[in-house]
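Everything below concerns the one structure shown next.
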Amino acid sequence: MDAFIASWRARGFSPVTIDNDSGLLERTLAALGRPAWEVTPEDIDRVVGDLAVQGRKTSTRRDHVQTFKGFHRFLQARKAAEIEAAFGVRPVCPIDEFSASRHVGDDSPALLPPPAPERVGEFFDFMKQRIATARKYGPAARDYAQFRTLYHAGLRSEEASLLDKPDLHFSRGPFGKLHVRFGKGAHTSGPWPRWVPMLDGLDLVLRWFLEDVRPKLPDSPVLFADESGGSPHRGTIRNRLRYLMELEGRSTADRFSPHALRRACATHNYERGVDLVAIQQMLGHWTVSSTMRYVRPSATFIEDAYQRAVASTLAELSGKDTTS
């Protein structure tokens, strides 16, 4: 495990990711109850089944499987000869098509549509009002800027938590850009950096945050620092959003998660005509098919698209008549 973790550092994984995933791997190996090279598909099914019985989410079960799979691939690539010489076993990965965990797009909660633009707008209006009356201005204003960033830039919670102040580049491109240095890679490949434009006025929000709010929080490089100056954990961000929606007083059906804001970013940009490949690049997906799983157009999407097309055609015809 020490060698595996050293390879993470060499590939540029963040300390937060290393701490989280190494702890997850330790728990997975303990639950399997035998050396990784002796684990069978039945062992994987048993551990994942136990997690399901405990009520763990599909995403949590998937994380256990993927972390073990990455460790086993490391053993096959770096330690196979050593293991075979010592134990007479050639490592063969026990994870197959039947034990592979499903993508988040296959989870039942993702079948629900993301919050509509009107609902997101109402939530941000509530947060703006809260800033004026909050006992602590800094944390309340930070929450507002952070969740606006999750929505307008389509970031994952951990990507936003690992942003530093120098990652804001207001002069890059027509809107300014965020440098997401710790973008999520595929198949334990390490960070996949990307540049994300500050759309829909996000540049104004982040300028305000950097100049007026950030100095009121503890001094550190972290952009959305917690009250100790450190990077907030993704679980903390999720719990914070839940707490804010409880304060808002909306029904459970009107509440959403940080990941739902990311899906809302994809859906709302798609509905207003942004190219799907552009959304893919923005969200940091490896394939367009992954992006399509995030897009959940509204019930009137076809009618709205039809009306826009008709209006555009009539405008063209009217223009031609006028010139003739």
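By order of appearance in the structure tokens: chains A, B, ..., then residues from 1 within every chain, and ligands from 1 in the order shown.
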Report task. Just the residues within 9 Å of A:Gln146, please, counting only C-alpha atoms, with nothing from its chain fewer than 5 positions along; format it as a PyMOL selection string. Result -> chain A and resi 141+151+160-161+206+224
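For the set A:Glu248, A:Glu82, A:Asp143, A:Asp21, the residue with the smallest atom-to-atom gap to A:Asp63 is A:Asp21, counting only C-alpha atoms.
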Any chance you could list, as a CSV table (one decimal) with C-alpha atoms, in the first residue's frame, the residues in stretch 16-64 of chain A that come up alpha helix (DSSP H) when DSSP is run on the backbone?
chain,number,residue,atom,x,y,z
A,16,VAL,CA,-7.2,15.2,0.3
A,17,THR,CA,-7.8,12.5,-2.3
A,18,ILE,CA,-4.9,10.4,-1.1
A,19,ASP,CA,-6.2,10.5,2.5
A,20,ASN,CA,-9.8,9.7,1.5
A,21,ASP,CA,-8.9,6.9,-0.9
A,22,SER,CA,-6.2,5.2,1.2
A,23,GLY,CA,-8.7,5.0,4.1
A,24,LEU,CA,-11.3,3.6,1.8
A,25,LEU,CA,-8.8,1.0,0.5
A,26,GLU,CA,-7.8,-0.1,4.0
A,27,ARG,CA,-11.5,-0.6,4.9
A,28,THR,CA,-12.1,-2.6,1.7
A,29,LEU,CA,-9.2,-4.9,2.3
A,30,ALA,CA,-10.2,-5.4,5.9
A,31,ALA,CA,-13.7,-6.4,4.8
A,32,LEU,CA,-12.4,-8.8,2.2
A,41,PRO,CA,-15.3,-12.5,-7.4
A,42,GLU,CA,-17.5,-14.0,-4.6
A,43,ASP,CA,-15.5,-12.0,-2.1
A,44,ILE,CA,-16.3,-8.8,-4.0
A,45,ASP,CA,-20.0,-9.7,-4.2
A,46,ARG,CA,-20.0,-10.4,-0.4
A,47,VAL,CA,-18.4,-7.1,0.5
A,48,VAL,CA,-20.5,-5.0,-1.9
A,49,GLY,CA,-23.7,-6.9,-0.8
A,50,ASP,CA,-22.9,-6.2,2.9
A,51,LEU,CA,-22.5,-2.5,2.0
A,52,ALA,CA,-25.9,-2.6,0.3
A,53,VAL,CA,-27.5,-4.2,3.4
A,58,THR,CA,-24.5,3.0,-4.9
A,59,SER,CA,-21.8,5.7,-5.3
A,60,THR,CA,-20.2,4.5,-2.0
A,61,ARG,CA,-20.3,0.9,-3.1
A,62,ARG,CA,-18.8,1.9,-6.5
A,63,ASP,CA,-16.0,3.8,-4.7
A,64,HIS,CA,-15.0,0.6,-2.8
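Neighbouring residues of A:Lys69 at 9 Å or closer, counting only C-alpha atoms and skipping chain neighbours under 4 positions away, are His64, Val65, Arg73, Phe74, Cys93, Pro94 and Ile95 of chain A.
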Would you kindly return, as a short mmCIF file (atom, residue, chain, number, x, y, z; two decimals) with N, CA and C atoms, in the first residue's frame, each protein, DNA or RNA residue with an atom no farther than 9 Å from any atom of A:Asp167, considering only C-alpha atoms and excluding same-chain residues fewer than 5 positions away?
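File written: result10.cif
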data_model
loop_
_atom_site.label_atom_id
_atom_site.label_comp_id
_atom_site.auth_asym_id
_atom_site.auth_seq_id
_atom_site.Cartn_x
_atom_site.Cartn_y
_atom_site.Cartn_z
N LYS A 177 -11.39 32.60 -16.69
CA LYS A 177 -11.45 31.14 -16.56
C LYS A 177 -10.95 30.67 -15.20
N LEU A 178 -11.50 29.52 -14.78
CA LEU A 178 -11.02 28.80 -13.60
C LEU A 178 -10.05 27.72 -14.07
N HIS A 179 -8.93 27.61 -13.39
CA HIS A 179 -8.00 26.52 -13.69
C HIS A 179 -8.28 25.40 -12.69
N VAL A 180 -8.97 24.38 -13.14
CA VAL A 180 -9.31 23.24 -12.29
C VAL A 180 -8.13 22.27 -12.35
N ARG A 181 -7.20 22.43 -11.43
CA ARG A 181 -5.95 21.65 -11.49
C ARG A 181 -6.17 20.20 -11.08
N LEU A 223 -9.15 28.96 -1.93
CA LEU A 223 -10.16 29.93 -2.36
C LEU A 223 -11.37 29.92 -1.42
#
**Report entry** Residue contacts of stretch 266-270 of chain A (12 Å, only C-alpha atoms) excluding same-chain residues fewer than 6 positions away, as number ranges by chain
**Finding:** A: 113-118, 120, 150-155, 199-200, 259-260, 276-285, 288, 290-298, 301, 305
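Each of A:Lys79, A:Cys265, A:Phe68, A:Gly88 was compared to A:Arg156 using only C-alpha atoms, and A:Cys265 turns out to be the nearest.
Backbone DSSP over stretch 79-282 of chain A gives strand (DSSP E) for Leu168, His169, Lys177, Leu178, His179, Val180, Arg194, Trp195, Val196 and Pro197 of chain A.
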Query raised in the report: Which value, in Å to one decimal, gives the distance between atom CA of A:Phe87 and atom CA of A:Ile5?
Result: 22.9 Å
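Around A:Pro215, within 12 Å and counting only C-alpha atoms, the residues found are A:Tyr137, A:Gly138, A:Pro139, A:Ala141, A:Arg142, A:Lys165, A:Trp208, A:Phe209, A:Leu210, A:Glu211, A:Asp212, A:Pro218, A:Asp219, A:Ser220, A:Pro221, A:Val222, A:Leu223, A:Phe224, A:Ala225, A:Gly229, once anything fewer than 3 positions away on its own chain is removed.
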Report task. Calculate how many Å separate atom CA of A:Pro174 from atom CA of A:Gly201, rounding to one decimal. Result -> 11.7 Å
